[in-house]
>>> print(open('structure_39.txt').read())   # compact mmCIF, C-alpha atoms
# COMPACT_ATOMS: atom_id res chain seq x y z
CA MET A 742 221.15 109.82 -116.37
CA SER A 743 221.06 106.19 -115.41
CA VAL A 744 217.89 104.29 -114.63
CA HIS A 745 217.98 101.17 -112.50
CA VAL A 746 214.89 99.02 -112.14
CA PRO A 747 214.95 96.33 -109.45
CA PRO A 748 213.54 92.99 -110.56
CA ASP A 749 209.88 92.53 -109.63
CA ASP A 750 207.46 89.71 -110.15
CA ALA A 751 204.74 90.52 -112.65
CA GLY A 752 201.15 90.37 -111.54
CA ALA A 753 199.14 91.79 -108.68
CA PRO A 754 201.55 93.27 -106.16
CA ARG A 755 201.69 92.14 -102.57
CA ALA A 756 203.03 93.91 -99.51
CA GLN A 757 206.78 93.76 -100.03
CA ALA A 758 209.26 92.64 -97.39
CA GLY A 759 210.92 95.66 -95.83
CA PRO A 760 208.99 98.62 -97.31
CA ASN A 761 209.97 102.06 -96.06
CA PRO A 762 207.35 102.81 -93.36
CA GLN A 763 207.94 106.58 -93.39
CA HIS A 764 207.63 106.78 -97.18
CA LEU A 765 204.56 104.53 -97.17
CA LEU A 766 202.83 106.53 -94.43
CA ALA A 767 203.45 109.79 -96.29
CA THR A 768 201.94 108.20 -99.41
CA LEU A 769 198.85 106.99 -97.55
CA LEU A 770 198.25 110.33 -95.87
CA GLY A 771 198.67 112.14 -99.18
CA GLU A 772 196.29 109.80 -101.00
CA TYR A 773 193.50 109.43 -98.44
CA LEU A 774 193.41 112.46 -96.12
CA ASP A 775 192.73 116.05 -97.16
CA SER A 776 191.98 117.99 -93.99
CA SER A 777 194.05 119.37 -91.15
CA GLU A 778 190.95 119.04 -88.93
CA ALA A 779 191.05 115.25 -88.94
CA GLY A 780 192.39 113.86 -85.64
CA LEU A 781 194.20 110.63 -86.48
CA PRO A 782 194.90 108.31 -83.51
CA SER A 783 198.27 106.62 -83.52
CA THR A 784 196.55 103.26 -83.03
CA ALA A 785 194.71 103.77 -86.33
CA VAL A 786 198.00 104.51 -88.07
CA VAL A 787 199.48 101.30 -86.69
CA ALA A 788 196.50 99.35 -88.03
CA MET A 789 196.69 101.03 -91.44
CA LEU A 790 200.38 100.29 -91.88
CA GLY A 791 199.79 96.76 -90.64
CA GLU A 792 197.98 96.10 -93.93
CA PHE A 793 201.38 96.42 -95.58
CA GLY A 794 203.26 94.19 -93.16
CA ILE A 795 204.67 97.08 -91.10
CA SER A 796 205.25 96.28 -87.43
CA GLU A 797 203.87 98.45 -84.63
CA SER A 798 207.31 99.68 -83.63
CA SER A 799 208.16 100.65 -87.20
CA ALA A 800 204.79 102.40 -87.60
CA ARG A 801 205.37 104.48 -84.48
CA ALA A 802 208.87 105.32 -85.62
CA ALA A 803 207.44 106.53 -88.94
CA LEU A 804 204.98 108.76 -87.06
CA SER A 805 207.84 110.22 -85.05
CA ARG A 806 209.89 110.96 -88.15
CA LEU A 807 207.03 112.61 -90.03
CA THR A 808 206.38 114.75 -86.95
CA LYS A 809 210.00 115.88 -86.91
CA ARG A 810 209.72 116.72 -90.61
CA GLY A 811 206.66 118.87 -89.91
CA LEU A 812 204.27 116.86 -92.11
CA ILE A 813 202.10 115.90 -89.14
CA ALA A 814 201.68 117.34 -85.66
CA VAL A 815 200.48 116.01 -82.32
CA ARG A 816 197.09 117.32 -81.18
CA GLY A 817 196.64 117.65 -77.43
CA SER A 818 198.37 115.51 -74.83
CA GLY A 819 196.08 112.51 -74.65
CA ARG A 820 197.02 108.86 -74.80
CA PRO A 821 197.27 107.29 -77.26
CA PRO A 822 198.56 110.32 -79.20
CA VAL A 823 196.36 111.91 -81.85
CA TYR A 824 197.95 113.42 -84.95
CA HIS A 825 196.78 115.73 -87.70
CA LEU A 826 198.15 116.84 -91.04
CA THR A 827 199.61 120.34 -91.10
CA PRO A 828 198.22 122.82 -93.66
CA GLN A 829 201.67 122.94 -95.24
CA ALA A 830 201.65 119.17 -95.64
CA ILE A 831 198.22 119.22 -97.28
CA ALA A 832 199.35 121.84 -99.77
CA ARG A 833 202.45 119.79 -100.51
CA HIS A 834 200.44 116.59 -100.91
CA ARG A 835 198.04 118.24 -103.35
CA SER A 836 200.90 119.66 -105.37
CA ARG A 837 202.69 116.32 -105.49
CA MET A 838 199.53 114.44 -106.47
CA ASP A 839 198.94 116.92 -109.28
CA HIS A 840 202.54 116.34 -110.33
CA PHE A 841 202.30 112.54 -110.26
CA LEU A 842 198.86 112.20 -111.86
CA GLY A 843 199.37 114.94 -114.44
CA PHE A 844 202.83 113.91 -115.60
CA GLY A 845 202.79 112.85 -119.26
CA ALA A 846 199.25 114.10 -119.88
CA HIS A 847 200.35 116.61 -122.50
CA PRO A 848 203.52 116.99 -124.58
CA PRO A 849 205.81 119.72 -123.28
CA ARG A 850 205.59 123.13 -124.91
CA TRP A 851 208.84 123.17 -126.84
CA THR A 852 210.79 126.31 -127.77
CA GLY A 853 214.16 124.71 -128.49
CA ASP A 854 215.73 126.38 -125.44
CA TRP A 855 218.20 124.66 -123.12
CA VAL A 856 219.95 125.83 -119.98
CA THR A 857 223.63 124.86 -120.12
CA VAL A 858 226.07 124.85 -117.22
CA SER A 859 229.85 124.60 -117.52
CA PHE A 860 232.14 124.59 -114.50
CA SER A 861 235.80 124.14 -113.61
CA ILE A 862 237.22 123.26 -110.18
CA PRO A 863 241.01 122.98 -109.79
CA GLN A 864 242.25 119.73 -108.35
CA SER A 865 243.96 121.66 -105.55
CA GLY A 866 241.06 124.07 -105.02
CA GLN A 867 239.35 124.37 -101.66
CA GLY A 868 237.06 126.86 -100.00
CA GLN A 869 237.54 128.79 -96.82
CA SER A 870 235.45 126.25 -94.95
CA GLY A 871 237.69 123.48 -96.25
CA GLN A 872 240.74 125.16 -94.73
CA ALA A 873 239.19 124.82 -91.31
CA GLN A 874 238.54 121.09 -91.63
CA SER A 875 240.45 118.75 -89.41
CA GLY A 876 241.46 115.19 -90.11
CA GLN A 877 243.66 113.88 -92.89
CA ALA A 878 240.81 112.34 -94.92
CA GLN A 879 238.65 115.46 -94.85
CA SER A 880 241.58 117.74 -95.67
CA GLY A 881 242.70 115.55 -98.54
CA GLN A 882 239.22 115.51 -100.04
CA ALA A 883 238.88 119.30 -99.84
CA GLN A 884 242.37 119.90 -101.26
CA SER A 885 241.70 117.63 -104.21
CA GLY A 886 238.56 119.53 -105.15
CA GLN A 887 236.45 116.39 -104.95
CA ALA A 888 234.06 117.70 -102.28
CA PRO A 889 232.86 120.80 -104.21
CA ARG A 890 232.83 118.84 -107.48
CA HIS A 891 230.59 116.20 -105.91
CA ALA A 892 228.34 118.91 -104.44
CA VAL A 893 227.92 120.58 -107.84
CA ARG A 894 227.08 117.31 -109.57
CA LYS A 895 224.57 116.41 -106.88
CA ALA A 896 222.90 119.82 -107.12
CA LEU A 897 222.74 119.67 -110.91
CA GLY A 898 221.20 116.21 -110.83
CA SER A 899 218.57 117.27 -108.31
CA LEU A 900 217.63 120.19 -110.59
CA GLY A 901 217.07 117.93 -113.59
CA PHE A 902 220.36 118.51 -115.40
CA ALA A 903 222.16 115.74 -117.29
CA ARG A 904 225.83 115.59 -118.18
CA LEU A 905 226.43 116.14 -121.88
CA TYR A 906 230.24 116.17 -121.57
CA ASP A 907 232.62 116.05 -118.59
CA SER A 908 231.75 119.42 -117.06
CA VAL A 909 228.95 120.50 -119.38
CA TRP A 910 225.43 119.85 -118.10
CA ILE A 911 222.10 120.63 -119.78
CA ARG A 912 218.39 120.64 -119.10
CA PRO A 913 215.47 121.60 -121.36
CA GLY A 914 213.79 124.95 -120.80
CA SER A 915 214.92 128.48 -120.02
CA ASP A 916 214.64 128.92 -116.23
CA ALA A 917 218.18 129.40 -114.97
CA GLY A 918 217.40 130.97 -111.60
CA PRO A 919 217.61 127.87 -109.36
CA VAL A 920 220.84 126.54 -110.86
CA THR A 921 222.50 129.97 -110.77
CA GLN A 922 221.72 130.25 -107.06
CA ALA A 923 222.94 126.70 -106.39
CA LEU A 924 226.27 127.36 -108.10
CA HIS A 925 226.73 130.59 -106.14
CA ASP A 926 226.07 128.72 -102.90
CA ILE A 927 228.56 125.95 -103.67
CA LEU A 928 231.38 127.58 -105.63
CA ASP A 929 231.65 131.20 -104.53
CA GLU A 930 234.03 130.22 -101.71
CA VAL A 931 236.02 127.67 -103.73
CA ASP A 932 239.46 128.96 -104.73
CA GLY A 933 239.82 128.92 -108.49
CA GLY A 934 236.29 127.64 -109.04
CA ARG A 935 234.68 129.00 -112.21
CA TRP A 936 231.28 128.43 -113.76
CA SER A 937 228.94 129.76 -116.41
CA VAL A 938 225.21 129.44 -116.98
CA MET A 939 224.11 129.85 -120.60
CA HIS A 940 220.95 129.74 -122.66
CA THR A 941 221.65 127.65 -125.75
CA ARG A 942 220.12 126.09 -128.84
CA PHE A 943 221.55 123.14 -130.74
CA ASP A 944 222.27 123.47 -134.44
CA GLU A 945 221.74 119.70 -134.78
CA GLU A 946 219.17 118.92 -132.12
CA THR A 947 218.55 115.35 -133.26
CA GLY A 948 221.18 112.69 -133.88
CA PRO A 949 224.16 111.37 -131.92
CA HIS A 950 225.65 114.82 -131.24
CA GLY A 951 222.42 116.36 -130.01
CA PRO A 952 221.19 116.89 -126.45
CA ALA A 953 219.39 113.53 -126.23
CA ALA A 954 222.84 111.90 -126.01
CA ALA A 955 223.07 113.21 -122.44
CA TYR A 956 220.22 110.94 -121.33
CA ASP A 957 219.97 107.19 -120.88
CA LEU A 958 216.74 106.98 -122.85
CA ALA A 959 217.16 103.23 -123.40
CA GLY A 960 217.33 102.72 -119.64
CA LEU A 961 214.30 104.95 -119.10
CA ALA A 962 212.31 103.07 -121.74
CA ALA A 963 213.26 99.80 -120.04
CA ALA A 964 211.97 101.19 -116.73
CA TYR A 965 208.61 102.05 -118.30
CA GLU A 966 208.40 98.63 -119.94
CA ALA A 967 209.20 96.95 -116.63
CA PHE A 968 206.39 98.94 -115.01
CA ILE A 969 203.98 97.78 -117.71
CA ALA A 970 205.09 94.16 -117.30
CA GLN A 971 204.78 94.35 -113.52
CA TYR A 972 201.20 95.62 -113.49
CA SER A 973 199.62 94.26 -116.68
CA ASP A 974 198.23 91.18 -114.91
CA LEU A 975 196.80 93.42 -112.20
CA ARG A 976 194.96 95.47 -114.81
CA VAL A 977 193.40 92.28 -116.19
CA ALA A 978 192.34 91.28 -112.67
CA VAL A 979 190.86 94.74 -112.09
CA ARG A 980 188.88 94.58 -115.32
CA ASP A 981 187.60 91.11 -114.39
CA GLY A 982 186.49 92.30 -110.94
CA GLN A 983 188.90 89.97 -109.15
CA ILE A 984 190.41 92.52 -106.74
CA ASP A 985 188.72 92.83 -103.36
CA ALA A 986 189.05 95.80 -101.02
CA SER A 987 191.96 94.37 -99.05
CA ARG A 988 194.03 93.74 -102.16
CA ALA A 989 192.92 97.05 -103.66
CA LEU A 990 194.51 99.10 -100.88
CA VAL A 991 197.91 97.45 -101.21
CA ALA A 992 197.79 97.26 -105.01
CA ARG A 993 196.83 100.91 -105.47
CA ALA A 994 199.59 102.07 -103.15
CA SER A 995 202.11 99.87 -104.96
CA VAL A 996 201.15 101.22 -108.39
CA MET A 997 201.43 104.84 -107.26
CA ASP A 998 204.66 104.16 -105.40
CA SER A 999 206.15 102.66 -108.58
CA TRP A 1000 204.83 105.42 -110.86
CA ARG A 1001 205.82 108.37 -108.70
CA ARG A 1002 209.52 107.99 -109.50
CA PHE A 1003 209.01 108.60 -113.23
CA PRO A 1004 208.30 112.34 -113.04
CA ASP A 1005 211.61 112.68 -111.21
CA ILE A 1006 213.76 110.61 -113.61
CA ASP A 1007 212.06 111.37 -116.94
CA PRO A 1008 213.35 114.68 -118.41
CA ASN A 1009 210.11 115.00 -120.44
CA LEU A 1010 211.91 115.67 -123.70
CA PRO A 1011 209.95 116.69 -126.80
CA GLU A 1012 208.71 113.86 -128.98
CA HIS A 1013 211.18 114.43 -131.81
CA LEU A 1014 214.08 113.65 -129.46
CA LEU A 1015 212.61 110.36 -128.20
CA PRO A 1016 213.07 106.93 -129.76
CA ALA A 1017 209.93 105.40 -131.24
CA PRO A 1018 207.88 103.75 -129.97
CA TRP A 1019 208.11 105.51 -126.62
CA PRO A 1020 206.36 103.55 -123.81
CA ARG A 1021 205.47 106.36 -121.41
CA GLN A 1022 201.87 106.80 -122.59
CA ALA A 1023 201.14 103.08 -122.31
CA ALA A 1024 202.58 103.06 -118.79
CA ARG A 1025 200.59 106.14 -117.81
CA ASP A 1026 197.33 104.74 -119.19
CA LEU A 1027 197.87 101.55 -117.19
CA MET A 1028 198.60 103.49 -114.00
CA LEU A 1029 195.54 105.72 -114.37
CA GLU A 1030 193.20 102.81 -115.09
CA ILE A 1031 194.29 100.86 -112.01
CA HIS A 1032 194.54 103.91 -109.76
CA SER A 1033 191.05 105.14 -110.71
CA ALA A 1034 189.35 101.75 -110.65
CA LEU A 1035 190.66 100.81 -107.21
CA GLY A 1036 190.13 104.16 -105.48
CA SER A 1037 186.75 103.48 -103.87
CA LEU A 1038 187.69 99.95 -102.84
CA ALA A 1039 190.95 101.11 -101.27
CA GLU A 1040 189.14 103.90 -99.41
CA ALA A 1041 186.58 101.40 -98.08
CA ARG A 1042 189.31 99.08 -96.84
CA LEU A 1043 191.18 101.89 -95.11
CA ILE A 1044 187.98 102.96 -93.34
CA GLN A 1045 187.32 99.37 -92.32
CA VAL A 1046 190.80 98.96 -90.87
CA ALA A 1047 190.90 102.33 -89.08
CA THR A 1048 187.36 102.53 -87.66
CA PRO A 1049 187.90 100.25 -84.60
CA TYR A 1050 190.56 102.75 -83.44
CA TRP A 1051 189.12 105.88 -85.06
CA PRO A 1052 185.28 105.94 -85.01
CA ASP A 1053 185.17 109.06 -87.21
CA ALA A 1054 187.34 107.52 -89.93
CA ALA A 1055 184.55 107.46 -92.52
CA SER A 1056 184.04 111.21 -92.12
CA TRP A 1057 187.62 112.03 -93.01
CA ILE A 1058 189.10 109.33 -95.23
CA THR A 1059 188.69 110.05 -98.94
CA HIS A 1060 190.71 109.30 -102.05
CA PHE A 1061 192.19 111.24 -104.92
CA HIS A 1062 191.95 110.52 -108.61
CA ALA A 1063 192.87 112.12 -111.92
CA SER A 1064 190.25 114.66 -112.98
CA GLU A 1065 189.41 115.60 -116.55
CA ASN A 1066 192.21 118.16 -116.40
CA PHE A 1067 194.65 115.44 -115.31
CA VAL A 1068 195.21 116.82 -111.84
CA SER A 1069 194.22 115.29 -108.54
CA ALA A 1070 190.69 115.78 -107.31
CA ARG A 1071 188.95 114.67 -104.14
CA ALA A 1072 186.58 111.86 -105.08
CA GLY A 1073 183.05 113.16 -105.05
CA GLY A 1074 184.17 116.25 -103.18
CA ASP A 1075 185.49 119.71 -103.58
CA GLY A 1076 189.08 118.66 -104.63
>>> encode(input="structure_39.txt", output="structure tokens")
Amino acid sequence: MSVHVPPDDAGAPRAQAGPNPQHLLATLLGEYLDSSEAGLPSTAVVAMLGEFGISESSARAALSRLTKRGLIAVRGSGRPPVYHLTPQAIARHRSRMDHFLGFGAHPPRWTGDWVTVSFSIPQSGQGQSGQAQSGQAQSGQAQSGQAPRHAVRKALGSLGFARLYDSVWIRPGSDAGPVTQALHDILDEVDGGRWSVMHTRFDEETGPHGPAAAYDLAGLAAAYEAFIAQYSDLRVAVRDGQIDASRALVARASVMDSWRRFPDIDPNLPEHLLPAPWPRQAARDLMLEIHSALGSLAEARLIQVATPYWPDAASWITHFHASENFVSARAGGDG
């Protein structure tokens, strides 16, 4: 597992040049809306994304893409269009917020179990679908076995596996169902393709020959330390009451956007396999302090920006925070 952290200036974040409007809109909707009954005018969305330097055309394109993905839907046929979150999107948002805010709250329950995958794909192997491909480049890739090999590696990575040796991949835990299905889907039609899924334990779990060697823990630690460096000055400003509502909205979104990648790249290994000191807890404490402290201010700014285009904005816009159980809860509501 490799971890790459782009260079960022430390201090209170500003709206970055060229943010992903679709990703940003999904984040805003997940953080500040929690009802499929809310009718959100497109003009309000344009104004909300404008706080982050997003142009009107880019904002409308983001709305279109989220509609195609089924996260939002158009209500009625009026102009300008009015959108609403789908129930499926709300459930997904709640689950993801629980995932982001709860990650790192408690050490993993450790049993010593690992799921191990080993596979072999002949260089000349190809599936039935590969035989039907046309074009010299596509045929050459299929015949070399590179296409199915790439597909297996991509699937393993998406399921949280790391490469211990060339074709031996591991992940902590004991649930082998998803990876078994993925390997069936990819390799059952590949001539000569072979694979095994095993439940294993390491005789020497710690040390250079143990499972931690599969992970770039130094790179992950550097990513956490970069997060801390990026937002430490913001935490000081928050504590000193120097962040107004306008800055709070952008800053809070930036902190969550930066934090949300860690649950996906951190394998959450047990403490005895991690180098000491491990910076995750310090990074999490910083994130939670800023995210919680700026919630009400960010909500107020979003209402202020949206109300000229959406008179009912104050009735629907809310914000989420980490509850005592370290999962997301609707502020002052029924979360």
>>> residues_around(input="structure_39.txt", residues="Ala830 of chain A", least_positions_apart="3", cutoff="10 Å", atoms="all atoms listed in the file", output="PyMOL selection string")
chain A and resi 767+770-771+775-777+810-813+825-827+833-836
>>> atom_distance(input="structure_39.txt", atom1="atom CA of Met939 of chain A", atom2="atom CA of Thr857 of chain A")
5.0 Å
>>> residues_near_point(input="structure_39.txt", point="(207.1, 100.6, -88.4)", cutoff="10 Å", atoms="all atoms listed in the file", output="MDAnalysis selection string")
chainID A and resid 759:763 765:766 786:787 790:791 794:804
>>> closest_residue(input="structure_39.txt", among="A:Gln971, A:Asn1009, A:Ser1037, A:Ser1056", to="Ala989 of chain A", atoms="all atoms listed in the file")
A:Ser1037
>>> atom_distance(input="structure_39.txt", atom1="atom CA of Arg806 of chain A", atom2="atom CA of Glu778 of chain A")
20.6 Å
>>> residues_around(input="structure_39.txt", residues="segment 950-964 of chain A", least_positions_apart="3", cutoff="10 Å", atoms="all atoms listed in the file", output="MDAnalysis selection string")
chainID A and resid 742:747 855 902:906 909:913 942:947 967:970 1003 1006:1008 1010:1011 1013:1016 1018:1021 1024
>>> axis_aligned_box(input="structure_39.txt", around="segment 910-919 of chain A", padding_each_side="3 Å", output="AutoDock Vina command-line options")
--center_x 219.6 --center_y 125.4 --center_z -115.4 --size_x 17.6 --size_y 17.1 --size_z 18.0
>>> atom_distance(input="structure_39.txt", atom1="atom CA of Ala1047 of chain A", atom2="atom CA of Ala785 of chain A")
4.9 Å
>>> closest_residue(input="structure_39.txt", among="A:Glu1012, A:Met789, A:Ser818, A:Asp1053", to="Pro849 of chain A", atoms="all atoms listed in the file")
A:Glu1012
>>> closest_residue(input="structure_39.txt", among="A:His764, A:Glu772, A:Ser999, A:Ile927", to="Gly1036 of chain A", atoms="only C-alpha atoms")
A:Glu772
>>> residues_near_point(input="structure_39.txt", point="(193.3, 94.9, -110.2)", cutoff="10 Å", atoms="all atoms listed in the file", output="list in words")
Gly752, Ala753, Pro754, Tyr972, Ser973, Asp974, Leu975, Arg976, Val977, Ala978, Val979, Arg980, Asp981, Gly982, Gln983, Ile984, Asp985, Arg988, Ala989, Ala992, Arg993, Glu1030, Ile1031, His1032, Ala1034 and Leu1035 of chain A
